[in-house]
Amino acid sequence: MEHNELKEKILELKEKLPVTLVAHYYQRDEVFELADITGDSLELARRCKADDKEWVVFCGVGFMGQSVKVIAPEKRVAMPKIACCAMARMIDSTYYDESVEFMEKAGIKKEDILPITYINSSAEVKAKVGEMGGMVCTSSNAYKIIEKGLASGKKILFIPDRCLGQNVANMMGLKSCVIGDGKDPNEADIICYDGFCSVHQLFTVDDVKFYRKRYPGIKIAVHPECDPAVVAVSDFCGSTSQLIKYVNELPEEQKVAVGTEYNLVHRMRDKNIYVLSSTKPECPTMNETTLEDVYRTLKEIEKGEVVNEIQVDEKTRKWAKVALERMFEL
Ligand code: 13P
Ligand code: SF4
């Protein structure tokens, strides 16, 4: 089917069925423009929970659809593609247990550890965190959540993104280490798991130098999944929605180079905007969802035979929900 025909059919089905089509900012343009709700991971989780349609058709990566099912089990959640975020795939329950053991071997008692997981993790990992008294954060509230965690007087085990953990620690003037870097965790306030985003690792200090030299006066804005060395030489570091706000508030003639996913950056503005990289930093998993996938999923809902419906077992759901709700309480 040709693109426009496919779009029309999707819009017709959307009218007819009890569905809300949801898309993360990193989705392809043609999928993004058809969505009823768009946003970053925190906004999407919140808005899906409040939505009143029976079905959420979620265009994003696996942990995002799973999070909706965890916080709103009465909803039916389908994903046109269940693509797993590369960072979320870096940690599972076993690696989580090993991280806790690493801290215990260093002499830190389990009851003195507070785990905080970035929302980019599976429901199973979130459940482990919830069961141990911990909570979830996103890049837009990581600072606040870690601040709250530190008030308990415990050591923070931050998973899975070492960059987000280190960047927040640097912003707060705290000490951090990464499991495996040889540093003593007793000396650190935040102990980070060694996970990372392969897309945000593409932005380098050399890229920043290049754009500053090429366009004197340019502003550099990056996502906190970027390496701390890149964040240190940037003008602004913020989550997806914070980056959008930052760019929108700059005068139109102010040049800006942005270090985050390509689909979002190219949609931010028409003029005076640059992707902070000589490569095209597309998230391969976010880009997996196509119009054909969305159409097929809506047809399946119409027939009552949905292939990619998200299910989370009750024990996992219970504790993952606790971890997510501790975040929403803030
Ligand atoms: P946001 O929480 O900003 O939506 O980011 C999710 C993500 O995967 C960034 O790479
Ligand atoms: Fe995961 Fe990185 Fe893609 Fe975000 S950009 S979904 S962290 S792989």
# chains A, B, ... in the order shown; residues from 1 in each chain; ligands from 1
$ closest_atom_pairs --of "chain A" --to "ligand 2" --cutoff "6 Å" --atoms "only C-alpha atoms and all ligand atoms" --output "CSV"
residue,atom,partner,partner_atom_place_in_ligand_line,distance
A:Cys85,CA,ligand 2,1 (Fe),3.9
A:Ala86,CA,ligand 2,8 (S),4.4
A:Met87,CA,ligand 2,1 (Fe),5.1
A:Cys197,CA,ligand 2,2 (Fe),4.2
A:Ser198,CA,ligand 2,2 (Fe),5.9
A:Val199,CA,ligand 2,2 (Fe),5.2
A:Cys283,CA,ligand 2,3 (Fe),4.5
A:Met286,CA,ligand 2,3 (Fe),5.9
$ select_by_dssp --residues "range 185-228 of chain A" --states "helix (DSSP H, G or I)" --output "list in words"
Pro185, Asn186, Glu187, His200, Gln201, Leu202, Val205, Asp206, Asp207, Val208, Lys209, Phe210, Tyr211, Arg212, Lys213, Arg214 and Pro228 of chain A
$ atom_distance --atom1 "CA of Phe158 in chain A" --atom2 "CA of Asp112 in chain A"
13.7 Å
$ closest_residue --among "A:Phe203, A:Ala151, A:Ala106, A:Ala142" --to "Ile179 in chain A" --atoms "only C-alpha atoms"
A:Ala106
$ closest_residue --among "A:Glu325, A:Glu8, A:Glu225, A:Glu98" --to "ligand 1" --atoms "only C-alpha atoms and all ligand atoms"
A:Glu225
$ residues_near_ligand --ligand "ligand 1" --cutoff "8 Å" --atoms "only C-alpha atoms and all ligand atoms" --output "number ranges by chain"
A: 24-25, 39-42, 85, 119-120, 138-140, 197, 199-200, 223, 225, 239-241, 260-261, 283
$ select_by_dssp --residues "range 78-119 of chain A" --states "strand (DSSP E or B)" --output "PDB file with N, CA and C atoms, in the first residue's frame"
ATOM      1  N   ALA A  78      -0.994  -2.598  23.189  1.00  0.00           N
ATOM      2  CA  ALA A  78      -0.391  -3.307  22.060  1.00  0.00           C
ATOM      3  C   ALA A  78       0.753  -2.475  21.524  1.00  0.00           C
ATOM      4  N   ILE A 113      21.629   0.110  51.021  1.00  0.00           N
ATOM      5  CA  ILE A 113      21.657   0.394  49.574  1.00  0.00           C
ATOM      6  C   ILE A 113      20.261   0.797  49.125  1.00  0.00           C
ATOM      7  N   LEU A 114      20.180   1.901  48.397  1.00  0.00           N
ATOM      8  CA  LEU A 114      18.895   2.290  47.810  1.00  0.00           C
ATOM      9  C   LEU A 114      19.022   2.230  46.278  1.00  0.00           C
ATOM     10  N   PRO A 115      18.337   1.261  45.652  1.00  0.00           N
ATOM     11  CA  PRO A 115      18.439   1.178  44.196  1.00  0.00           C
ATOM     12  C   PRO A 115      17.500   2.167  43.498  1.00  0.00           C
ATOM     13  N   ILE A 116      18.016   2.811  42.476  1.00  0.00           N
ATOM     14  CA  ILE A 116      17.175   3.682  41.634  1.00  0.00           C
ATOM     15  C   ILE A 116      17.403   3.239  40.196  1.00  0.00           C
ATOM     16  N   THR A 117      16.320   2.928  39.506  1.00  0.00           N
ATOM     17  CA  THR A 117      16.487   2.534  38.108  1.00  0.00           C
ATOM     18  C   THR A 117      15.906   3.587  37.176  1.00  0.00           C
ATOM     19  N   TYR A 118      16.667   3.866  36.147  1.00  0.00           N
ATOM     20  CA  TYR A 118      16.180   4.689  35.040  1.00  0.00           C
ATOM     21  C   TYR A 118      14.998   3.923  34.438  1.00  0.00           C
TER      22      TYR A 118
END
$ residues_around --residues "range 9-22 of chain A" --least-positions-apart "4" --cutoff "6 Å" --atoms "only C-alpha atoms" --output "PyMOL selection string"
chain A and resi 35-38+53-59+295
$ write_last_selection --atoms "N, CA and C atoms" --output "mmCIF file, in the first residue's frame"
data_model
loop_
_atom_site.group_PDB
_atom_site.id
_atom_site.type_symbol
_atom_site.label_atom_id
_atom_site.label_comp_id
_atom_site.auth_asym_id
_atom_site.auth_seq_id
_atom_site.Cartn_x
_atom_site.Cartn_y
_atom_site.Cartn_z
ATOM 1 N N ALA A 35 -0.161 10.223 15.659
ATOM 2 C CA ALA A 35 -0.445 9.869 17.061
ATOM 3 C C ALA A 35 -1.401 10.844 17.745
ATOM 4 N N ASP A 36 -2.204 10.310 18.688
ATOM 5 C CA ASP A 36 -3.099 11.147 19.500
ATOM 6 C C ASP A 36 -2.316 11.760 20.663
ATOM 7 N N ILE A 37 -1.356 11.001 21.172
ATOM 8 C CA ILE A 37 -0.548 11.495 22.287
ATOM 9 C C ILE A 37 0.922 11.335 21.917
ATOM 10 N N THR A 38 1.690 12.416 22.082
ATOM 11 C CA THR A 38 3.137 12.326 21.855
ATOM 12 C C THR A 38 3.825 12.892 23.098
ATOM 13 N N LYS A 53 -9.551 5.343 26.774
ATOM 14 C CA LYS A 53 -9.845 4.334 25.747
ATOM 15 C C LYS A 53 -9.394 2.946 26.217
ATOM 16 N N GLU A 54 -10.065 1.903 25.686
ATOM 17 C CA GLU A 54 -9.726 0.536 26.110
ATOM 18 C C GLU A 54 -8.281 0.170 25.715
ATOM 19 N N TRP A 55 -7.882 0.551 24.503
ATOM 20 C CA TRP A 55 -6.576 0.139 23.987
ATOM 21 C C TRP A 55 -5.588 1.314 23.901
ATOM 22 N N VAL A 56 -4.348 1.034 24.276
ATOM 23 C CA VAL A 56 -3.249 1.953 23.982
ATOM 24 C C VAL A 56 -2.397 1.249 22.933
ATOM 25 N N VAL A 57 -2.214 1.886 21.780
ATOM 26 C CA VAL A 57 -1.305 1.332 20.776
ATOM 27 C C VAL A 57 -0.038 2.169 20.870
ATOM 28 N N PHE A 58 1.009 1.560 21.437
ATOM 29 C CA PHE A 58 2.193 2.319 21.826
ATOM 30 C C PHE A 58 3.333 2.157 20.816
ATOM 31 N N CYS A 59 3.715 3.275 20.189
ATOM 32 C CA CYS A 59 4.851 3.261 19.262
ATOM 33 C C CYS A 59 6.057 3.809 20.016
ATOM 34 N N TYR A 295 -0.673 -0.130 11.089
ATOM 35 C CA TYR A 295 -1.888 -0.565 10.380
ATOM 36 C C TYR A 295 -2.231 -2.017 10.751
#
$ closest_residue --among "A:Val178, A:Lys183, A:Tyr246, A:Gly259" --to "Asp207 in chain A" --atoms "only C-alpha atoms"
A:Gly259
